[in-house]
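Beneath this line is the structure, given in structure tokens, with notes to follow.
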Amino acid sequence: MPAAVADAARPARLWRDPVLAALAVAGVVLSAGYALDLGSARAQLLVTWLVMPFLDLLLFWMSRQVHRTLDLSPEARRFWRAVSAAGLIFAAGDLVQCATVLADPSLDRLEFHPAQTAAALLGVILVCGVALVIRPGAGRAASVCGSCSTPRS
């Protein structure tokens with residue numbers, strides 16, 4: 001049996017990517033903690049806003065990796081650069097929110113800081129705006145996935 005066929009027949013490892021595996025495990029643990037209502041409302045709020053900036057920076061880093069490592073069309077590169085920039089914008093807003101929560105010990109419920117709200121909106125508008133940009137002369141939206149690229153006109 002040729003090596004390529006043997007490799008294709010071998011089942012894929014479920015946890016090939018250690019970063020995604022760590023994210024999945026952390027997501028399950030955090031979700032279970034919230035679902036079981038562990039800790040006070042204040043503790044849950046602190047955990048949320050202490051974790052969020054790290055997740056935003058991870059979004060930045062992972063989208064930069066996709067942008068740099070895959071052979072992508074210019075449109076797909078533009079999209080992943082926008083996602084990367086949005087990760088930094090989200091991180092800035094979530095850091096403001098984290099500082100606000102840490103500075104006010106009486107805060108035990110979700111109240112968004114205006115800077116956090118503005119950063120979230122700006123990041124989403126950036127990604128959606130870039131995703132909606134139509135490739136010049138093509139008359140349709142560009143593909144942003146490396147494996148689902150469409151033929152060029």
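For the structure tokens, the naming scheme is as follows: chains receive sequential letters (A, B, ...) according to their order of presentation, residues are indexed from 1 within each chain, and ligands are indexed from 1 in presentation order.
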Report task. List the neighbours of His67 of chain A out to 9 Å using only C-alpha atoms; skip same-chain residues closer than 2 positions along the sequence, and give me the result as a ChimeraX atom specification. Result -> /A:62-65,69-72,76-81,84
Report task. Could you check which of A:Leu46, A:Ala120, A:Ala91, A:Leu57 is closest to Asp104 of chain A, using only C-alpha atoms? Result ->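 The shortest atom-to-atom distance to Asp104 of chain A comes from A:Leu46.
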Report task. Using backbone DSSP assignments, extract all helix (DSSP H, G or I) residues from segment 8-109 of chain A; output them as a ChimeraX atom specification. Result -> /A:8-9,18-35,41-69,74-103
Give me the residues within 9 Å of Leu107 of chain A as a PDB file with N, CA and C atoms, in the first residue's frame, counting only C-alpha atoms and dropping any in the same chain fewer than 5 places off.
ATOM      1  N   ARG A  42     -19.708  38.031  41.850  1.00  0.00           N
ATOM      2  CA  ARG A  42     -18.495  38.841  41.702  1.00  0.00           C
ATOM      3  C   ARG A  42     -17.336  37.992  41.181  1.00  0.00           C
ATOM      4  N   LEU A  45     -17.850  37.221  37.557  1.00  0.00           N
ATOM      5  CA  LEU A  45     -17.584  38.421  36.763  1.00  0.00           C
ATOM      6  C   LEU A  45     -16.083  38.650  36.599  1.00  0.00           C
ATOM      7  N   VAL A 101     -14.000  46.601  36.206  1.00  0.00           N
ATOM      8  CA  VAL A 101     -14.506  45.609  37.163  1.00  0.00           C
ATOM      9  C   VAL A 101     -13.563  45.485  38.358  1.00  0.00           C
ATOM     10  N   LEU A 102     -12.252  45.495  38.098  1.00  0.00           N
ATOM     11  CA  LEU A 102     -11.293  45.397  39.197  1.00  0.00           C
ATOM     12  C   LEU A 102     -11.310  46.639  40.093  1.00  0.00           C
TER      13      LEU A 102
END
Query raised in the report: Do you have the atom CA of Gln116 of chain A-atom CA of Asp94 of chain A distance handy?
Result: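 Rounded to one decimal, the two atoms are 5.8 Å apart.
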Report task. Work out how far atom CA of Ala32 of chain A is from atom CA of Trp49 of chain A, in Å to one decimal. Result -> 17.0 Å
**Report entry** Test item: residues at most 12 Å from Val47 of chain A, only C-alpha atoms, excluding those fewer than 2 positions along its chain, as a PyMOL selection string
**Finding:** chain A and resi 30-31+33-34+38-45+49-54+98+101-102+108
Could you write out the selected residues, including C-alpha atoms, as an mmCIF file, in the first residue's frame?
data_model
loop_
_atom_site.group_PDB
_atom_site.id
_atom_site.type_symbol
_atom_site.label_atom_id
_atom_site.label_comp_id
_atom_site.auth_asym_id
_atom_site.auth_seq_id
_atom_site.Cartn_x
_atom_site.Cartn_y
_atom_site.Cartn_z
ATOM 1 C CA LEU A 30 -15.369 27.489 32.402
ATOM 2 C CA SER A 31 -18.807 26.621 31.020
ATOM 3 C CA GLY A 33 -18.285 26.401 36.373
ATOM 4 C CA TYR A 34 -20.879 28.882 35.177
ATOM 5 C CA LEU A 38 -19.749 27.977 41.245
ATOM 6 C CA GLY A 39 -18.577 31.007 43.169
ATOM 7 C CA SER A 40 -20.258 34.324 43.806
ATOM 8 C CA ALA A 41 -21.533 36.625 41.102
ATOM 9 C CA ARG A 42 -18.495 38.841 41.702
ATOM 10 C CA ALA A 43 -16.083 35.905 41.282
ATOM 11 C CA GLN A 44 -17.775 34.853 38.044
ATOM 12 C CA LEU A 45 -17.584 38.421 36.763
ATOM 13 C CA TRP A 49 -13.136 39.779 32.391
ATOM 14 C CA LEU A 50 -9.742 38.361 33.367
ATOM 15 C CA VAL A 51 -10.033 35.626 30.703
ATOM 16 C CA MET A 52 -11.495 37.698 27.855
ATOM 17 C CA PRO A 53 -8.390 39.806 27.010
ATOM 18 C CA PHE A 54 -6.337 36.608 26.707
ATOM 19 C CA CYS A 98 -11.478 44.363 33.163
ATOM 20 C CA VAL A 101 -14.506 45.609 37.163
ATOM 21 C CA LEU A 102 -11.293 45.397 39.197
ATOM 22 C CA ASP A 108 -21.303 42.113 40.885
#
Report task. Measure the distance from atom CA of Asp37 of chain A to atom CA of Val19 of chain A in Å and round it to one decimal. Result ->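 Atom CA of Val19 of chain A lies at a distance of 26.7 Å from atom CA of Asp37 of chain A.
Using only C-alpha atoms, the smallest distance between any of A:Pro74, A:Arg16, A:Trp61, A:Gly27 and Val130 of chain A comes from A:Pro74.
Counting only C-alpha atoms, the residue from A:Val127, A:Val66, A:Leu122, A:Thr48 that sits nearest to Leu110 of chain A is A:Thr48.
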Report task. Find the residues near Leu20 of chain A: any atom within 12 Å, counting only C-alpha atoms, skip ones fewer than 6 places away on the same chain, and give them as a VMD selection string. Result -> chain A and resid 14 26 to 27 55 58 to 59 62
Report task. Mind checking which residues fall within 6 Å of Gly123 of chain A, counting only C-alpha atoms, ignoring those fewer than 3 positions away in the same chain, and posting them as a PyMOL selection string? Result -> chain A and resi 86+89+120+126
